[in-house]
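Novice: Here you go, one structure.
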Amino acid sequence: MDNNKCGCWAVLRRGVSGANCKSSSSTESANTIPRTSLVYDAATETRYLNASNRDLCPPNEAQLSSDNPDAPSSDGKSPCQLLQFSFHELKSATGNFRPDSILGEGGFGYVFKGWIEENGTAPAKPGSGITVAVKSLKPDGLQGHREWVAEVDFLGQLHHPNLVKLIGYCIEDDQRLLVYEFMTRGSLENHLFRRTIPLPWSNRIKIALGAAKGLAFLHGGSEPVIYRDFKTSNILLDSEYNAKLSDFGLAKAGPQGDKTHVSTRVVGTYGYAAPEYVMTGHLTSKSDVYSFGVVLLEVLTGRRSMDKKRPSGEQNLVAWARPYLADKRKLYQLADPRLELNYSLKGVQKVSQLAYNCLSRDPKSRPPMDEIVKVLTPLQDLNDLAILSYHSRLSQQGRRKKRPDGTQHHLASAQHKSIRDSPLNTGKQRCR
């Protein structure tokens with residue numbers, strides 16, 4: 001590869017090449033659960049699900065970890081086309097990193113909105129040129145730099161409509177920044193949990209399908225990639241609600257050859273990470289599938305994966321939803337009540353069944369992402385809205401209860417019953 005085109009691979013790896021890093025596959029904890037125990041029981045899952053909602057790897061542990069991100073080598077990949085920005089250019093592009101230009105904040109650092117010229121790295125006036133998102137790394141140690149390198153390595157080589165586009169980077173003194181395409185509508189997390197107006201059902205299906213296509217692309221390549229941090233805050237949306245996966249700092253190259261898994265330190269977020277991965281450190285593509293199942297539940301229910309504000313039995317979404325997923329008579333109790341029956345009956349049934357399969361306690365029983373894409377694709381065209389079925393039932397009930405004189409007899413319960421209390425939302429409607 002011509003490193004002079006963007007200079008990224010040699011420069012980026014220089015920062016970690018001298019580190020004394022052991023291969024993540026060469027060591028396993030003495031407490032690792034045997035491979036035969038990866039199909040866990042309900043009690044084990046409950047103990048895991050009751051854990052607090054925090055990063056699985058505490059900051060001090062992350063600093064001491066010797067795990068290598070294991071990003072794919074550039075051999076056999078498309079040439080690096082990333083732009084190399086100076087710190088001064090990005091400082092100008094973001095208006096000196098003004099507080100009012102902050103788009104968000106994560107474990108990595110702050111994300112700022114900025115503008116650059118269309119054909120280069122020069123800053124542009126606000127509202128002109130290309131709008132970008134600039135992510136600045138917190139200068140707090142080797143681990144953060146490694147994740148920064150992993151993100152450049154993966155997004156510098158992997159290109160797909162459902163992966164956020166990395167435009168360039170800045171590595172200058174102790175400054176580490178990444179420049180991405182700007183995603184107009186922000187994250188799925190914001191739309192599901194922080195907006196007054198509920199995200200329409202059709203948009204939820206479109207977003208779930210786009211995210212599934214992104215994961216399927218990562219898993220299906222000649223050198224599979226395990227995303228390892230699939231959650232609503234990492235699913236970004238453009239103006240048309242097309243979903244793109246972002247934040248590849250925890251991504252890891254998947255098992256090669258006859259290997260069944262990758263052994264690695266446990267990182268991620270409680271409520272999303274697959275329990276068998278948390279218990280053993282064994283990472284497979286089915287770990288991502290479990291996380292996808294959790295996000296499907298969030299899309300279906302409008303509930304967070306972990307919510308300490310809810311009653312004790314409802315704080316963990318998976319634990320609360322399992323009994324409903326296993327009983328077809330109760331599926332519709334899962335639907336987000338804020339949708340007020342504006343969802344597809346068959347769509348809820350299919351999404352619920354898909355989530356149930358993705359969350360299987362046996363990782364081998366979880367469907368691959370390409371099959372998930374096939375299941376979700378036709379759900380975009382369904383128009384069997386529950387609200388229409390509800391009104392049809394009310395109309396039929398009214399015709400059956402006419403008085404002998406021909407006047408309409410309205411039952412008080414039918415007249416005052418709210419949409420949210422309809423049979424479709426109380427589990428009395430049987431799935432076909």
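In the structure tokens, chains take letters A, B, ... by order of appearance, with residues numbered from 1 within each chain and ligands from 1 in the order shown.
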Hey, what does DSSP flag as alpha helix (DSSP H) within region 261-384 of chain A? Can you give it to me as a ChimeraX atom specification?

Specialist: /A:275-280,285-301,317-325,345-358,369-376

Novice: Using N, CA and C atoms, can you write the selected residues to a file as a short mmCIF file (atom, residue, chain, number, x, y, z; two decimals), in the first residue's frame?

Specialist:
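out_38.cif was written with the following content:
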```cif
data_model
loop_
_atom_site.label_atom_id
_atom_site.label_comp_id
_atom_site.auth_asym_id
_atom_site.auth_seq_id
_atom_site.Cartn_x
_atom_site.Cartn_y
_atom_site.Cartn_z
N PRO A 275 -24.60 -12.98 27.54
CA PRO A 275 -24.17 -13.52 28.83
C PRO A 275 -23.02 -14.51 28.73
N GLU A 276 -23.00 -15.37 27.72
CA GLU A 276 -21.91 -16.35 27.64
C GLU A 276 -20.57 -15.67 27.36
N TYR A 277 -20.60 -14.52 26.67
CA TYR A 277 -19.38 -13.75 26.45
C TYR A 277 -18.91 -13.11 27.75
N VAL A 278 -19.86 -12.58 28.52
CA VAL A 278 -19.52 -11.97 29.80
C VAL A 278 -18.91 -13.01 30.74
N MET A 279 -19.43 -14.24 30.70
CA MET A 279 -18.99 -15.27 31.63
C MET A 279 -17.68 -15.92 31.24
N THR A 280 -17.38 -15.97 29.93
CA THR A 280 -16.20 -16.72 29.48
C THR A 280 -15.16 -15.90 28.75
N SER A 285 -19.57 -14.28 16.43
CA SER A 285 -20.55 -13.42 15.75
C SER A 285 -21.92 -13.52 16.42
N LYS A 286 -22.19 -14.65 17.09
CA LYS A 286 -23.47 -14.82 17.77
C LYS A 286 -23.57 -13.91 19.00
N SER A 287 -22.44 -13.38 19.46
CA SER A 287 -22.48 -12.37 20.52
C SER A 287 -23.15 -11.10 20.00
N ASP A 288 -22.84 -10.73 18.77
CA ASP A 288 -23.49 -9.58 18.14
C ASP A 288 -24.98 -9.84 17.92
N VAL A 289 -25.32 -11.09 17.57
CA VAL A 289 -26.72 -11.44 17.32
C VAL A 289 -27.55 -11.25 18.58
N TYR A 290 -26.98 -11.64 19.73
CA TYR A 290 -27.68 -11.43 21.01
C TYR A 290 -27.93 -9.94 21.21
N SER A 291 -26.90 -9.12 21.00
CA SER A 291 -27.06 -7.67 21.16
C SER A 291 -28.12 -7.12 20.22
N PHE A 292 -28.17 -7.68 19.01
CA PHE A 292 -29.19 -7.25 18.06
C PHE A 292 -30.58 -7.58 18.60
N GLY A 293 -30.72 -8.74 19.24
CA GLY A 293 -32.00 -9.11 19.83
C GLY A 293 -32.43 -8.13 20.91
N VAL A 294 -31.49 -7.66 21.70
CA VAL A 294 -31.80 -6.67 22.74
C VAL A 294 -32.31 -5.38 22.10
N VAL A 295 -31.62 -4.91 21.05
CA VAL A 295 -32.03 -3.69 20.38
C VAL A 295 -33.41 -3.87 19.72
N LEU A 296 -33.66 -5.06 19.18
CA LEU A 296 -34.99 -5.33 18.62
C LEU A 296 -36.07 -5.16 19.68
N LEU A 297 -35.79 -5.65 20.88
CA LEU A 297 -36.75 -5.48 21.98
C LEU A 297 -36.96 -4.00 22.31
N GLU A 298 -35.89 -3.22 22.29
CA GLU A 298 -36.01 -1.79 22.56
C GLU A 298 -36.86 -1.12 21.48
N VAL A 299 -36.65 -1.52 20.24
CA VAL A 299 -37.42 -0.97 19.13
C VAL A 299 -38.90 -1.36 19.27
N LEU A 300 -39.16 -2.58 19.67
CA LEU A 300 -40.52 -3.09 19.80
C LEU A 300 -41.26 -2.47 20.98
N THR A 301 -40.59 -2.34 22.11
CA THR A 301 -41.25 -1.94 23.35
C THR A 301 -41.14 -0.47 23.70
N LEU A 317 -34.73 -5.36 30.53
CA LEU A 317 -35.69 -5.58 29.46
C LEU A 317 -35.79 -7.05 29.07
N VAL A 318 -34.66 -7.73 28.92
CA VAL A 318 -34.69 -9.13 28.50
C VAL A 318 -35.39 -10.00 29.53
N ALA A 319 -35.07 -9.80 30.79
CA ALA A 319 -35.69 -10.61 31.84
C ALA A 319 -37.20 -10.38 31.89
N TRP A 320 -37.61 -9.12 31.72
CA TRP A 320 -39.03 -8.80 31.76
C TRP A 320 -39.78 -9.35 30.54
N ALA A 321 -39.13 -9.30 29.37
CA ALA A 321 -39.82 -9.64 28.12
C ALA A 321 -39.89 -11.13 27.84
N ARG A 322 -38.98 -11.93 28.38
CA ARG A 322 -38.93 -13.35 28.03
C ARG A 322 -40.29 -14.06 28.18
N PRO A 323 -41.00 -13.90 29.29
CA PRO A 323 -42.29 -14.59 29.42
C PRO A 323 -43.29 -14.22 28.33
N TYR A 324 -43.26 -12.96 27.87
CA TYR A 324 -44.16 -12.52 26.81
C TYR A 324 -43.74 -13.08 25.46
N LEU A 325 -42.44 -13.12 25.21
CA LEU A 325 -41.93 -13.64 23.95
C LEU A 325 -42.25 -15.12 23.78
N LEU A 345 -49.74 -5.76 12.95
CA LEU A 345 -49.97 -6.93 13.79
C LEU A 345 -48.99 -8.04 13.47
N LYS A 346 -48.85 -8.34 12.17
CA LYS A 346 -47.91 -9.38 11.77
C LYS A 346 -46.48 -8.94 12.04
N GLY A 347 -46.22 -7.64 11.90
CA GLY A 347 -44.88 -7.12 12.16
C GLY A 347 -44.47 -7.34 13.61
N VAL A 348 -45.36 -7.05 14.54
CA VAL A 348 -45.06 -7.28 15.96
C VAL A 348 -44.81 -8.76 16.22
N GLN A 349 -45.63 -9.60 15.59
CA GLN A 349 -45.44 -11.05 15.76
C GLN A 349 -44.07 -11.50 15.26
N LYS A 350 -43.70 -11.05 14.06
CA LYS A 350 -42.43 -11.47 13.46
C LYS A 350 -41.23 -10.91 14.22
N VAL A 351 -41.32 -9.64 14.62
CA VAL A 351 -40.21 -9.03 15.35
C VAL A 351 -40.04 -9.70 16.71
N SER A 352 -41.14 -10.02 17.36
CA SER A 352 -41.08 -10.69 18.66
C SER A 352 -40.43 -12.06 18.53
N GLN A 353 -40.84 -12.81 17.52
CA GLN A 353 -40.25 -14.14 17.32
C GLN A 353 -38.78 -14.04 16.98
N LEU A 354 -38.42 -13.04 16.17
CA LEU A 354 -37.03 -12.86 15.81
C LEU A 354 -36.19 -12.50 17.03
N ALA A 355 -36.71 -11.60 17.87
CA ALA A 355 -35.99 -11.23 19.09
C ALA A 355 -35.82 -12.44 20.00
N TYR A 356 -36.85 -13.26 20.11
CA TYR A 356 -36.79 -14.47 20.93
C TYR A 356 -35.68 -15.40 20.44
N ASN A 357 -35.56 -15.55 19.12
CA ASN A 357 -34.52 -16.42 18.56
C ASN A 357 -33.13 -15.83 18.77
N CYS A 358 -33.01 -14.52 18.60
CA CYS A 358 -31.71 -13.86 18.78
C CYS A 358 -31.23 -13.97 20.23
N MET A 369 -26.91 -13.24 10.87
CA MET A 369 -27.44 -11.94 10.52
C MET A 369 -28.04 -11.92 9.11
N ASP A 370 -27.51 -12.70 8.18
CA ASP A 370 -28.09 -12.67 6.83
C ASP A 370 -29.51 -13.24 6.83
N GLU A 371 -29.80 -14.21 7.72
CA GLU A 371 -31.16 -14.72 7.84
C GLU A 371 -32.07 -13.67 8.49
N ILE A 372 -31.54 -12.94 9.43
CA ILE A 372 -32.31 -11.88 10.08
C ILE A 372 -32.71 -10.81 9.07
N VAL A 373 -31.80 -10.48 8.16
CA VAL A 373 -32.11 -9.51 7.10
C VAL A 373 -33.28 -10.01 6.25
N LYS A 374 -33.28 -11.31 5.93
CA LYS A 374 -34.35 -11.88 5.11
C LYS A 374 -35.70 -11.82 5.82
N VAL A 375 -35.69 -11.99 7.14
CA VAL A 375 -36.95 -11.94 7.90
C VAL A 375 -37.48 -10.51 7.97
N LEU A 376 -36.59 -9.55 8.16
CA LEU A 376 -37.02 -8.16 8.35
C LEU A 376 -37.44 -7.48 7.05
#
```

Novice: Would you mind telling me which residue in A:Thr94, A:Gln84, A:Ser101, A:Ser365 lies nearest to Gly120 (chain A) when using only C-alpha atoms?

Specialist: A:Gln84

Novice: Tell me which of A:Ile226, A:Ala133, A:Leu236, A:Val266 sits closest to Asn190 (chain A), counting only C-alpha atoms.

Specialist: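 With only C-alpha atoms as the atom set, the closest residue is A:Leu236.
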
Novice: Show which residues sit within 10 Å of His191 (chain A), as a list in words. Count only C-alpha atoms, and ignore same-chain residues fewer than 6 positions away.

Specialist: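 Answer for this query is Arg185, Ile197, Pro198, Leu199, Pro200, Arg204, Thr232, Ser233, Leu237 and Gly302 of chain A.
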
Novice: Output the selection as an mmCIF file, in the first residue's frame - all heavy atoms for each residue.

Specialist:
```cif
data_model
loop_
_atom_site.group_PDB
_atom_site.id
_atom_site.type_symbol
_atom_site.label_atom_id
_atom_site.label_comp_id
_atom_site.auth_asym_id
_atom_site.auth_seq_id
_atom_site.Cartn_x
_atom_site.Cartn_y
_atom_site.Cartn_z
ATOM 1 N N ARG A 185 -29.957 12.979 11.775
ATOM 2 C CA ARG A 185 -30.988 12.689 12.782
ATOM 3 C C ARG A 185 -30.445 12.079 14.068
ATOM 4 O O ARG A 185 -31.215 11.636 14.924
ATOM 5 C CB ARG A 185 -32.078 11.796 12.180
ATOM 6 C CG ARG A 185 -32.849 12.469 11.051
ATOM 7 C CD ARG A 185 -34.125 11.752 10.715
ATOM 8 N NE ARG A 185 -34.842 12.403 9.635
ATOM 9 C CZ ARG A 185 -35.709 13.397 9.799
ATOM 10 N NH1 ARG A 185 -35.951 13.869 11.013
ATOM 11 N NH2 ARG A 185 -36.336 13.924 8.755
ATOM 12 N N ILE A 197 -42.469 12.838 20.618
ATOM 13 C CA ILE A 197 -43.230 12.140 19.574
ATOM 14 C C ILE A 197 -42.595 10.772 19.346
ATOM 15 O O ILE A 197 -41.394 10.675 19.079
ATOM 16 C CB ILE A 197 -43.235 12.951 18.266
ATOM 17 C CG1 ILE A 197 -43.844 14.333 18.500
ATOM 18 C CG2 ILE A 197 -43.985 12.200 17.175
ATOM 19 C CD1 ILE A 197 -43.803 15.243 17.294
ATOM 20 N N PRO A 198 -43.366 9.691 19.442
ATOM 21 C CA PRO A 198 -42.783 8.356 19.271
ATOM 22 C C PRO A 198 -42.330 8.100 17.836
ATOM 23 O O PRO A 198 -42.940 8.599 16.881
ATOM 24 C CB PRO A 198 -43.936 7.418 19.660
ATOM 25 C CG PRO A 198 -45.175 8.212 19.396
ATOM 26 C CD PRO A 198 -44.819 9.637 19.731
ATOM 27 N N LEU A 199 -41.261 7.356 17.706
ATOM 28 C CA LEU A 199 -40.750 6.981 16.388
ATOM 29 C C LEU A 199 -41.763 6.050 15.716
ATOM 30 O O LEU A 199 -42.143 5.028 16.294
ATOM 31 C CB LEU A 199 -39.404 6.276 16.548
ATOM 32 C CG LEU A 199 -38.630 5.926 15.276
ATOM 33 C CD1 LEU A 199 -38.187 7.195 14.554
ATOM 34 C CD2 LEU A 199 -37.413 5.068 15.622
ATOM 35 N N PRO A 200 -42.243 6.388 14.504
ATOM 36 C CA PRO A 200 -43.247 5.556 13.833
ATOM 37 C C PRO A 200 -42.767 4.122 13.611
ATOM 38 O O PRO A 200 -41.566 3.873 13.463
ATOM 39 C CB PRO A 200 -43.471 6.273 12.497
ATOM 40 C CG PRO A 200 -43.062 7.687 12.748
ATOM 41 C CD PRO A 200 -41.925 7.598 13.733
ATOM 42 N N ARG A 204 -39.088 2.364 12.538
ATOM 43 C CA ARG A 204 -38.414 1.393 13.407
ATOM 44 C C ARG A 204 -37.982 0.167 12.622
ATOM 45 O O ARG A 204 -36.866 -0.339 12.806
ATOM 46 C CB ARG A 204 -39.338 0.995 14.566
ATOM 47 C CG ARG A 204 -39.718 2.161 15.470
ATOM 48 C CD ARG A 204 -40.502 1.711 16.698
ATOM 49 N NE ARG A 204 -41.096 2.855 17.389
ATOM 50 C CZ ARG A 204 -41.390 2.901 18.671
ATOM 51 N NH1 ARG A 204 -41.181 1.836 19.436
ATOM 52 N NH2 ARG A 204 -41.922 3.980 19.208
ATOM 53 N N THR A 232 -28.306 0.979 20.847
ATOM 54 C CA THR A 232 -29.047 2.036 20.167
ATOM 55 C C THR A 232 -28.241 3.324 20.012
ATOM 56 O O THR A 232 -28.424 4.052 19.035
ATOM 57 C CB THR A 232 -30.351 2.347 20.926
ATOM 58 O OG1 THR A 232 -30.045 2.614 22.303
ATOM 59 C CG2 THR A 232 -31.314 1.180 20.854
ATOM 60 N N SER A 233 -27.358 3.615 20.949
ATOM 61 C CA SER A 233 -26.582 4.862 20.854
ATOM 62 C C SER A 233 -25.522 4.800 19.765
ATOM 63 O O SER A 233 -25.004 5.843 19.346
ATOM 64 C CB SER A 233 -25.919 5.176 22.201
ATOM 65 O OG SER A 233 -25.045 4.140 22.584
ATOM 66 N N LEU A 237 -28.535 7.843 12.343
ATOM 67 C CA LEU A 237 -29.555 7.951 11.306
ATOM 68 C C LEU A 237 -29.314 9.170 10.426
ATOM 69 O O LEU A 237 -29.008 10.260 10.940
ATOM 70 C CB LEU A 237 -30.942 8.064 11.952
ATOM 71 C CG LEU A 237 -31.281 7.015 13.020
ATOM 72 C CD1 LEU A 237 -32.605 7.353 13.676
ATOM 73 C CD2 LEU A 237 -31.309 5.627 12.410
ATOM 74 N N GLY A 302 -40.120 0.204 23.161
ATOM 75 C CA GLY A 302 -39.862 1.575 23.564
ATOM 76 C C GLY A 302 -39.240 1.666 24.946
ATOM 77 O O GLY A 302 -39.183 2.750 25.535
#
```

Novice: Excluding Ile205 (chain A) and residues on its chain fewer than 3 positions from it, collect all residues at most 8 Å away from it, counting only C-alpha atoms, and give them as a ChimeraX atom specification.

Specialist: /A:201-202,208-209,376,379-380

Novice: Please report the interatomic distance between CA of Asp384 (chain A) and CA of Leu341 (chain A) in Å with one decimal.

Specialist: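 Separating CA of Asp384 (chain A) from CA of Leu341 (chain A) is a distance of 10.6 Å.
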
Novice: Could you work out how far CA of Lys135 (chain A) lies from CA of Asp247 (chain A), giving the answer in Å with one decimal?

Specialist: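 According to the coordinates, CA of Asp247 (chain A) and CA of Lys135 (chain A) are separated by 10.1 Å.
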